[in-house]
Every structure is written in structure tokens, then in C-alpha cells.
Amino acid sequence: MTLPLIESLNIGLPRKELLQGKEYFTGIVKKSASGPVRLTMNGFEGDGVGDTKHHGGPDKAVCVYSLEHYQYWERTLGTKLPDAAFGENLTVSGLQEADVNIGDIFQLGTALVQVSQPRQPCNTLAARFGRSDMVKLVVDAGRTGFYMRMLKEGVVKQGDALSLVKKDDHAITVAFANSVFHHNRKDSDGIERVLSAPALSASWRESFEKLRSQLA
């Protein structure tokens with residue numbers, strides 16, 4: 001079995017970016033790191049986020065996006081995409097939203113990481129692509145990417161494999177969590193299933209608890 005691989009490790013500190021004529025303070029524009037980078041509780045050294053209210057923190061230390069999605073978006077949008085187009089830290093091959101459970105633990109270089117939640121696309125991403133409908137397109141396609149938290153600090157580099165250490169037995173895939181949250185918000189059984197995953201991030205747990213309370 002071929003292991004998923006880091007095709008590109010991308011970092012960038014937040015700075016002012018002019019996107020579609022509007023100024024944003026953001027870390028969405030990242031560049032590929034040429035060598036090993038240390039992963040800490042709050043993310044990779046040399047990386048950061050501008051909007052600390054909605055991004056970053058221990059539950060969102062690493063943003064992962066599938067290389068296989070790039071072909072889909074280039075066909076859909078009719079344009080060639082730059083590296084790290086979605087502001088991801090890791091562009092990976094062989095690992096998509098339906099392949100990973102919330103709570104799955106991976107060896108990543110010398111670090112240990114755990115899947116915590118789907119990535120929630122935002123207006124900064126829409127601005128970067130110059131498409132006001134980009135958030136909807138990403139959500140509808142289910143090609144959101146996902147976040148990982150750091151369990152053990154270590155060093156990571158391009159070319160490292162993501163080796164599965166433990167598959168979470170609650171079997172709540174990122175794709176399923178996306179489906180419930182974005183398309184089936186009145187599915188009480190689905191909401192309870194997602195909430196049953198102990199490794200679900202604090203912010204997504206809060207969101208799903210709100211969905212549950214709205215159905216009460």
C-alpha cells in the first residue's frame with residue numbers, strides 16, 4: 001500500500017495582502033519550504049494566521065489539502081493554480097476527506113498529529129480566488145481539506161510520508177462531518193454521530209452542539 005506523501009510543505013507569516021482590491025491581514029499566501037520545519041503545538045515555525053479568532057490554535061496547527069483536488073479546481077475554474085492555492089501547510093497526495101476519520105493519528109516526520117476537524121473555507125479564500133462564490137463551491141464539492149492538531153512535537157519536510165498510527169474507531173470521516181454540517185443540518189442522528197468523536201475540535205463541537213440545540 002502506497003503511503004500518503006507530503007508533496008509540498010508550505011509556510012508564511014501573516015502580512016497585508018491586496019486581494020481583489022481589498023486589503024487583508026492574512027497568512028493565506030504561503031511558500032514551499034526548502035528544508036525541514038519544526039512543528040509545535042500552534043503550528044509550523046515561520047507560519048501564522050492573521051485572523052486568530054477564527055484560525056490557528058492547537059486544534060488547527062496543521063492545514064492539509066489534497067493534491068488530487070487541484071485538477072478538479074483547475075477544470076472548474078478554468079485556470080492554473082499556484083502552489084498552496086488554498087493556504088494549506090501540507091499539500092498531500094493519496095489522502096482525501098473520505099479517507100480520514102476525525103481522531104486518526106499519523107506519524108508526520110518525527111512529529112505525531114491527529115485529525116481534528118474539516119477546514120472551514122472563508123471569505124479570504126474567496127478573495128484570493130476572485131470568486132464571491134468560492135466558499136459555496138468548496139463546500140458543495142466537499143473538497144475542503146482538514147486540520148490536524150500536534151500530539152508530539154517534531155520536524156517535518158517535503159517528501160515525508162503520513163504513516164497511519166491509529167485509526168479512530170468512531171469512524172466519523174471528515175467527508176461525513178462536512179456533509180452533516182453543510183448539507184444535512186437537521187440530521188439529528190448525524191449530529192450525534194459527529195459529536196461522539198472525542199477528538200472533534202472545540203470549535204466544531206460547539207457548532208454541532210448548537211445544531212443539536214436548535215432541533216430540541
# chains A, B, ... in the order shown; residues from 1 in each chain; ligands from 1
>>> residues_around(residues="A:Phe44", least_positions_apart="4", cutoff="12 Å", atoms="only C-alpha atoms", output="NGL selection string")
:A and (9-13 or 30 or 33 or 36-40 or 48-49 or 56-58 or 60-63 or 88-90 or 111 or 148-150 or 153-157)
>>> residues_around(residues="A:Val100", least_positions_apart="4", cutoff="8 Å", atoms="only C-alpha atoms", output="JSON, numbers by chain")
{"A": [95, 96, 104, 115, 173, 174]}
>>> write_last_selection(atoms="N, CA and C atoms", output="CSV table (one decimal), in the first residue's frame")
chain,number,residue,atom,x,y,z
A,95,LEU,N,-4.5,11.2,0.0
A,95,LEU,CA,-5.2,11.4,1.3
A,95,LEU,C,-6.3,12.5,1.1
A,96,GLN,N,-7.6,12.0,1.1
A,96,GLN,CA,-8.7,13.0,0.9
A,96,GLN,C,-9.7,12.9,2.1
A,104,ASP,N,-8.1,10.3,13.7
A,104,ASP,CA,-7.0,9.4,13.2
A,104,ASP,C,-5.6,10.1,13.6
A,115,VAL,N,-6.1,14.2,13.3
A,115,VAL,CA,-7.1,14.9,12.6
A,115,VAL,C,-8.2,15.4,13.5
A,173,THR,N,-15.8,10.2,9.3
A,173,THR,CA,-14.8,10.8,8.3
A,173,THR,C,-15.0,12.3,8.3
A,174,VAL,N,-14.0,13.0,7.8
A,174,VAL,CA,-14.1,14.4,7.5
A,174,VAL,C,-15.2,14.7,6.5
>>> residues_around(residues="A:Ser93", least_positions_apart="5", cutoff="7 Å", atoms="only C-alpha atoms", output="PDB file with C-alpha atoms, in the first residue's frame")
ATOM      1  CA  PRO A   4       0.233   9.403   1.510  1.00  0.00           C
ATOM      2  CA  LEU A   5       3.088  11.827   0.882  1.00  0.00           C
ATOM      3  CA  ILE A   6       3.787  15.499   1.561  1.00  0.00           C
ATOM      4  CA  GLU A   7       4.195  16.915  -1.934  1.00  0.00           C
ATOM      5  CA  SER A  66      -5.196  17.107  -1.286  1.00  0.00           C
ATOM      6  CA  LEU A  67      -3.052  17.494  -4.382  1.00  0.00           C
ATOM      7  CA  GLU A  68      -5.643  15.457  -6.276  1.00  0.00           C
TER       8      GLU A  68
END
>>> residues_around(residues="A:Gln20", least_positions_apart="4", cutoff="12 Å", atoms="only C-alpha atoms", output="compact mmCIF listing (two decimals) with N, CA and C atoms, in the first residue's frame")
# COMPACT_ATOMS: atom_id res chain seq x y z
N TYR A 24 -6.17 42.71 3.17
CA TYR A 24 -6.38 41.69 4.19
C TYR A 24 -5.08 41.49 4.95
N ASN A 123 -13.97 33.88 3.67
CA ASN A 123 -14.03 34.93 2.66
C ASN A 123 -12.65 35.32 2.14
N THR A 124 -11.61 35.12 2.93
CA THR A 124 -10.26 35.42 2.45
C THR A 124 -9.90 34.50 1.30
N LEU A 125 -10.32 33.24 1.40
CA LEU A 125 -10.09 32.29 0.30
C LEU A 125 -10.84 32.75 -0.95
N ALA A 126 -12.08 33.20 -0.76
CA ALA A 126 -12.86 33.70 -1.89
C ALA A 126 -12.16 34.90 -2.55
N ALA A 127 -11.62 35.78 -1.70
CA ALA A 127 -10.92 36.95 -2.23
C ALA A 127 -9.66 36.56 -2.99
N ARG A 128 -8.97 35.57 -2.49
CA ARG A 128 -7.75 35.14 -3.17
C ARG A 128 -8.05 34.61 -4.56
N PHE A 129 -9.16 33.89 -4.69
CA PHE A 129 -9.53 33.34 -5.99
C PHE A 129 -10.31 34.33 -6.86
N GLY A 130 -10.74 35.42 -6.25
CA GLY A 130 -11.51 36.39 -7.02
C GLY A 130 -12.89 35.87 -7.39
N ARG A 131 -13.44 35.00 -6.53
CA ARG A 131 -14.75 34.41 -6.78
C ARG A 131 -15.60 34.57 -5.53
N SER A 132 -16.65 35.36 -5.61
CA SER A 132 -17.51 35.55 -4.45
C SER A 132 -18.23 34.26 -4.06
>>> residues_around(residues="A:Ile102", least_positions_apart="2", cutoff="12 Å", atoms="only C-alpha atoms", output="PyMOL selection string")
chain A and resi 59+97-100+104-106+113-119+146-149+166-178+193-201+204-205
>>> write_last_selection(atoms="C-alpha atoms", output="mmCIF file, in the first residue's frame")
data_model
loop_
_atom_site.group_PDB
_atom_site.id
_atom_site.type_symbol
_atom_site.label_atom_id
_atom_site.label_comp_id
_atom_site.auth_asym_id
_atom_site.auth_seq_id
_atom_site.Cartn_x
_atom_site.Cartn_y
_atom_site.Cartn_z
ATOM 1 C CA ASP A 59 -6.749 22.288 17.167
ATOM 2 C CA GLU A 97 -11.648 13.869 3.098
ATOM 3 C CA ALA A 98 -13.319 10.455 2.771
ATOM 4 C CA ASP A 99 -10.080 8.670 3.705
ATOM 5 C CA VAL A 100 -9.586 10.095 7.183
ATOM 6 C CA ASP A 104 -6.958 9.444 13.193
ATOM 7 C CA ILE A 105 -3.342 9.698 14.355
ATOM 8 C CA PHE A 106 -0.456 9.952 11.890
ATOM 9 C CA VAL A 113 -0.527 14.558 14.614
ATOM 10 C CA GLN A 114 -4.251 13.907 14.876
ATOM 11 C CA VAL A 115 -7.125 14.871 12.555
ATOM 12 C CA SER A 116 -9.363 17.338 14.419
ATOM 13 C CA GLN A 117 -11.930 18.839 12.011
ATOM 14 C CA PRO A 118 -12.706 19.771 8.403
ATOM 15 C CA ARG A 119 -11.293 23.022 7.115
ATOM 16 C CA PHE A 146 -8.887 19.357 7.052
ATOM 17 C CA TYR A 147 -6.945 20.303 10.161
ATOM 18 C CA MET A 148 -4.650 18.354 12.449
ATOM 19 C CA ARG A 149 -3.527 19.026 15.994
ATOM 20 C CA LYS A 166 -4.080 4.653 14.864
ATOM 21 C CA LYS A 167 -7.404 4.672 13.050
ATOM 22 C CA ASP A 168 -10.123 6.246 15.168
ATOM 23 C CA ASP A 169 -12.769 3.607 15.816
ATOM 24 C CA HIS A 170 -15.673 6.079 15.839
ATOM 25 C CA ALA A 171 -15.370 6.128 12.021
ATOM 26 C CA ILE A 172 -16.517 9.734 11.574
ATOM 27 C CA THR A 173 -14.849 10.807 8.340
ATOM 28 C CA VAL A 174 -14.098 14.411 7.502
ATOM 29 C CA ALA A 175 -16.400 13.974 4.498
ATOM 30 C CA PHE A 176 -19.261 12.853 6.748
ATOM 31 C CA ALA A 177 -18.785 15.765 9.167
ATOM 32 C CA ASN A 178 -18.804 18.145 6.191
ATOM 33 C CA ARG A 193 -22.511 10.681 15.437
ATOM 34 C CA VAL A 194 -20.173 13.611 14.835
ATOM 35 C CA LEU A 195 -20.408 14.671 18.482
ATOM 36 C CA SER A 196 -19.477 11.127 19.513
ATOM 37 C CA ALA A 197 -15.943 11.648 18.169
ATOM 38 C CA PRO A 198 -13.796 12.559 21.219
ATOM 39 C CA ALA A 199 -11.132 14.154 19.031
ATOM 40 C CA LEU A 200 -13.514 16.663 17.405
ATOM 41 C CA SER A 201 -12.110 20.181 17.785
ATOM 42 C CA TRP A 204 -16.681 22.273 15.692
ATOM 43 C CA ARG A 205 -18.042 20.622 18.831
#
>>> closest_residue(among="A:Leu211, A:Ala141, A:Leu162, A:Leu81", to="A:Val180", atoms="only C-alpha atoms")
A:Leu211
>>> select_by_dssp(residues="stretch 133-216 of chain A", states="strand (DSSP E)", output="VMD selection string")
chain A and resid 146 to 152 154 to 156 162 to 166
>>> write_last_selection(atoms="N, CA and C atoms", output="CSV table (one decimal), in the first residue's frame")
chain,number,residue,atom,x,y,z
A,146,PHE,N,-8.6,19.6,5.6
A,146,PHE,CA,-8.9,19.4,7.1
A,146,PHE,C,-7.7,19.8,7.9
A,147,TYR,N,-8.0,19.9,9.2
A,147,TYR,CA,-6.9,20.3,10.2
A,147,TYR,C,-6.5,19.1,11.0
A,148,MET,N,-5.2,19.3,11.5
A,148,MET,CA,-4.7,18.4,12.4
A,148,MET,C,-4.1,19.1,13.6
A,149,ARG,N,-4.2,18.5,14.8
A,149,ARG,CA,-3.5,19.0,16.0
A,149,ARG,C,-2.2,18.3,16.2
A,150,MET,N,-1.3,18.9,16.9
A,150,MET,CA,0.0,18.3,17.2
A,150,MET,C,-0.1,17.5,18.5
A,151,LEU,N,0.3,16.2,18.5
A,151,LEU,CA,0.4,15.4,19.7
A,151,LEU,C,1.8,15.3,20.2
A,152,LYS,N,2.7,15.3,19.3
A,152,LYS,CA,4.1,15.2,19.7
A,152,LYS,C,4.9,16.1,18.7
A,154,GLY,N,7.9,17.8,16.6
A,154,GLY,CA,8.9,17.1,15.7
A,154,GLY,C,9.2,18.0,14.5
A,155,VAL,N,10.0,17.4,13.6
A,155,VAL,CA,10.5,18.0,12.4
A,155,VAL,C,9.9,17.4,11.2
A,156,VAL,N,9.4,18.2,10.2
A,156,VAL,CA,8.7,17.7,9.1
A,156,VAL,C,9.3,18.3,7.8
A,162,LEU,N,2.9,10.3,5.4
A,162,LEU,CA,1.9,10.4,6.5
A,162,LEU,C,1.6,8.9,6.8
A,163,SER,N,2.2,8.4,7.9
A,163,SER,CA,2.0,7.0,8.2
A,163,SER,C,0.9,6.9,9.3
A,164,LEU,N,-0.1,6.1,9.0
A,164,LEU,CA,-1.2,6.0,10.0
A,164,LEU,C,-0.7,5.2,11.2
A,165,VAL,N,-0.9,5.8,12.4
A,165,VAL,CA,-0.5,5.1,13.6
A,165,VAL,C,-1.7,4.5,14.3
A,166,LYS,N,-2.9,5.2,14.3
A,166,LYS,CA,-4.1,4.7,14.9
A,166,LYS,C,-5.3,5.2,14.1
>>> residues_around(residues="stretch 71-74 of chain A", least_positions_apart="6", cutoff="12 Å", atoms="only C-alpha atoms", output="PyMOL selection string")
chain A and resi 80-82+85-86+129+134+137-138+141-144
>>> atom_distance(atom1="atom CA of A:Ile191", atom2="atom CA of A:Glu206")
11.6 Å
>>> residues_around(residues="A:Glu17", least_positions_apart="3", cutoff="9 Å", atoms="only C-alpha atoms", output="NGL selection string")
:A and (14 or 22-27 or 29)
>>> select_by_dssp(residues="stretch 25-124 of chain A", states="alpha helix (DSSP H)", output="list of chain:residue names")
A:Glu68, A:His69, A:Tyr70, A:Gln71, A:Tyr72, A:Trp73, A:Glu74, A:Arg75, A:Thr76, A:Leu77, A:Asn123, A:Thr124
>>> atom_distance(atom1="atom CA of A:Ser34", atom2="atom CA of A:Gly46")
12.5 Å
>>> atom_distance(atom1="atom CA of A:Tyr65", atom2="atom CA of A:Asn184")
23.4 Å
>>> closest_residue(among="A:Arg212, A:Gln158, A:Ser207, A:Met41", to="A:Gly190", atoms="only C-alpha atoms")
A:Arg212
>>> decode(residues="stretch 193-213 of chain A", atoms="N, CA and C atoms", output="short mmCIF file (atom, residue, chain, number, x, y, z; two decimals), in the first residue's frame")
data_model
loop_
_atom_site.label_atom_id
_atom_site.label_comp_id
_atom_site.auth_asym_id
_atom_site.auth_seq_id
_atom_site.Cartn_x
_atom_site.Cartn_y
_atom_site.Cartn_z
N ARG A 193 -23.67 11.47 15.85
CA ARG A 193 -22.51 10.68 15.44
C ARG A 193 -21.25 11.54 15.45
N VAL A 194 -21.35 12.74 14.87
CA VAL A 194 -20.17 13.61 14.83
C VAL A 194 -19.75 13.98 16.25
N LEU A 195 -20.72 14.30 17.10
CA LEU A 195 -20.41 14.67 18.48
C LEU A 195 -19.82 13.51 19.28
N SER A 196 -20.01 12.28 18.80
CA SER A 196 -19.48 11.13 19.51
C SER A 196 -17.97 10.97 19.33
N ALA A 197 -17.39 11.74 18.41
CA ALA A 197 -15.94 11.65 18.17
C ALA A 197 -15.20 12.46 19.22
N PRO A 198 -14.48 11.82 20.15
CA PRO A 198 -13.80 12.56 21.22
C PRO A 198 -12.78 13.57 20.71
N ALA A 199 -12.20 13.30 19.54
CA ALA A 199 -11.13 14.15 19.03
C ALA A 199 -11.65 15.37 18.26
N LEU A 200 -12.96 15.51 18.11
CA LEU A 200 -13.51 16.66 17.41
C LEU A 200 -13.04 17.95 18.06
N SER A 201 -12.63 18.92 17.25
CA SER A 201 -12.11 20.18 17.78
C SER A 201 -13.15 20.91 18.62
N ALA A 202 -12.68 21.78 19.49
CA ALA A 202 -13.59 22.52 20.38
C ALA A 202 -14.56 23.39 19.59
N SER A 203 -14.08 24.03 18.52
CA SER A 203 -14.94 24.95 17.76
C SER A 203 -16.02 24.19 17.00
N TRP A 204 -15.66 23.05 16.41
CA TRP A 204 -16.68 22.27 15.69
C TRP A 204 -17.62 21.59 16.66
N ARG A 205 -17.15 21.19 17.82
CA ARG A 205 -18.04 20.62 18.83
C ARG A 205 -19.08 21.67 19.25
N GLU A 206 -18.64 22.89 19.45
CA GLU A 206 -19.57 23.96 19.81
C GLU A 206 -20.61 24.17 18.71
N SER A 207 -20.16 24.15 17.46
CA SER A 207 -21.09 24.35 16.33
C SER A 207 -22.11 23.22 16.26
N PHE A 208 -21.67 21.98 16.48
CA PHE A 208 -22.60 20.86 16.41
C PHE A 208 -23.53 20.82 17.62
N GLU A 209 -23.06 21.29 18.76
CA GLU A 209 -23.95 21.38 19.91
C GLU A 209 -25.04 22.42 19.68
N LYS A 210 -24.70 23.48 18.95
CA LYS A 210 -25.71 24.48 18.60
C LYS A 210 -26.74 23.88 17.64
N LEU A 211 -26.26 23.09 16.67
CA LEU A 211 -27.19 22.43 15.76
C LEU A 211 -28.13 21.52 16.54
N ARG A 212 -27.59 20.79 17.50
CA ARG A 212 -28.41 19.88 18.30
C ARG A 212 -29.45 20.65 19.11
N SER A 213 -29.05 21.78 19.67
CA SER A 213 -29.97 22.55 20.50
C SER A 213 -31.09 23.16 19.66
#
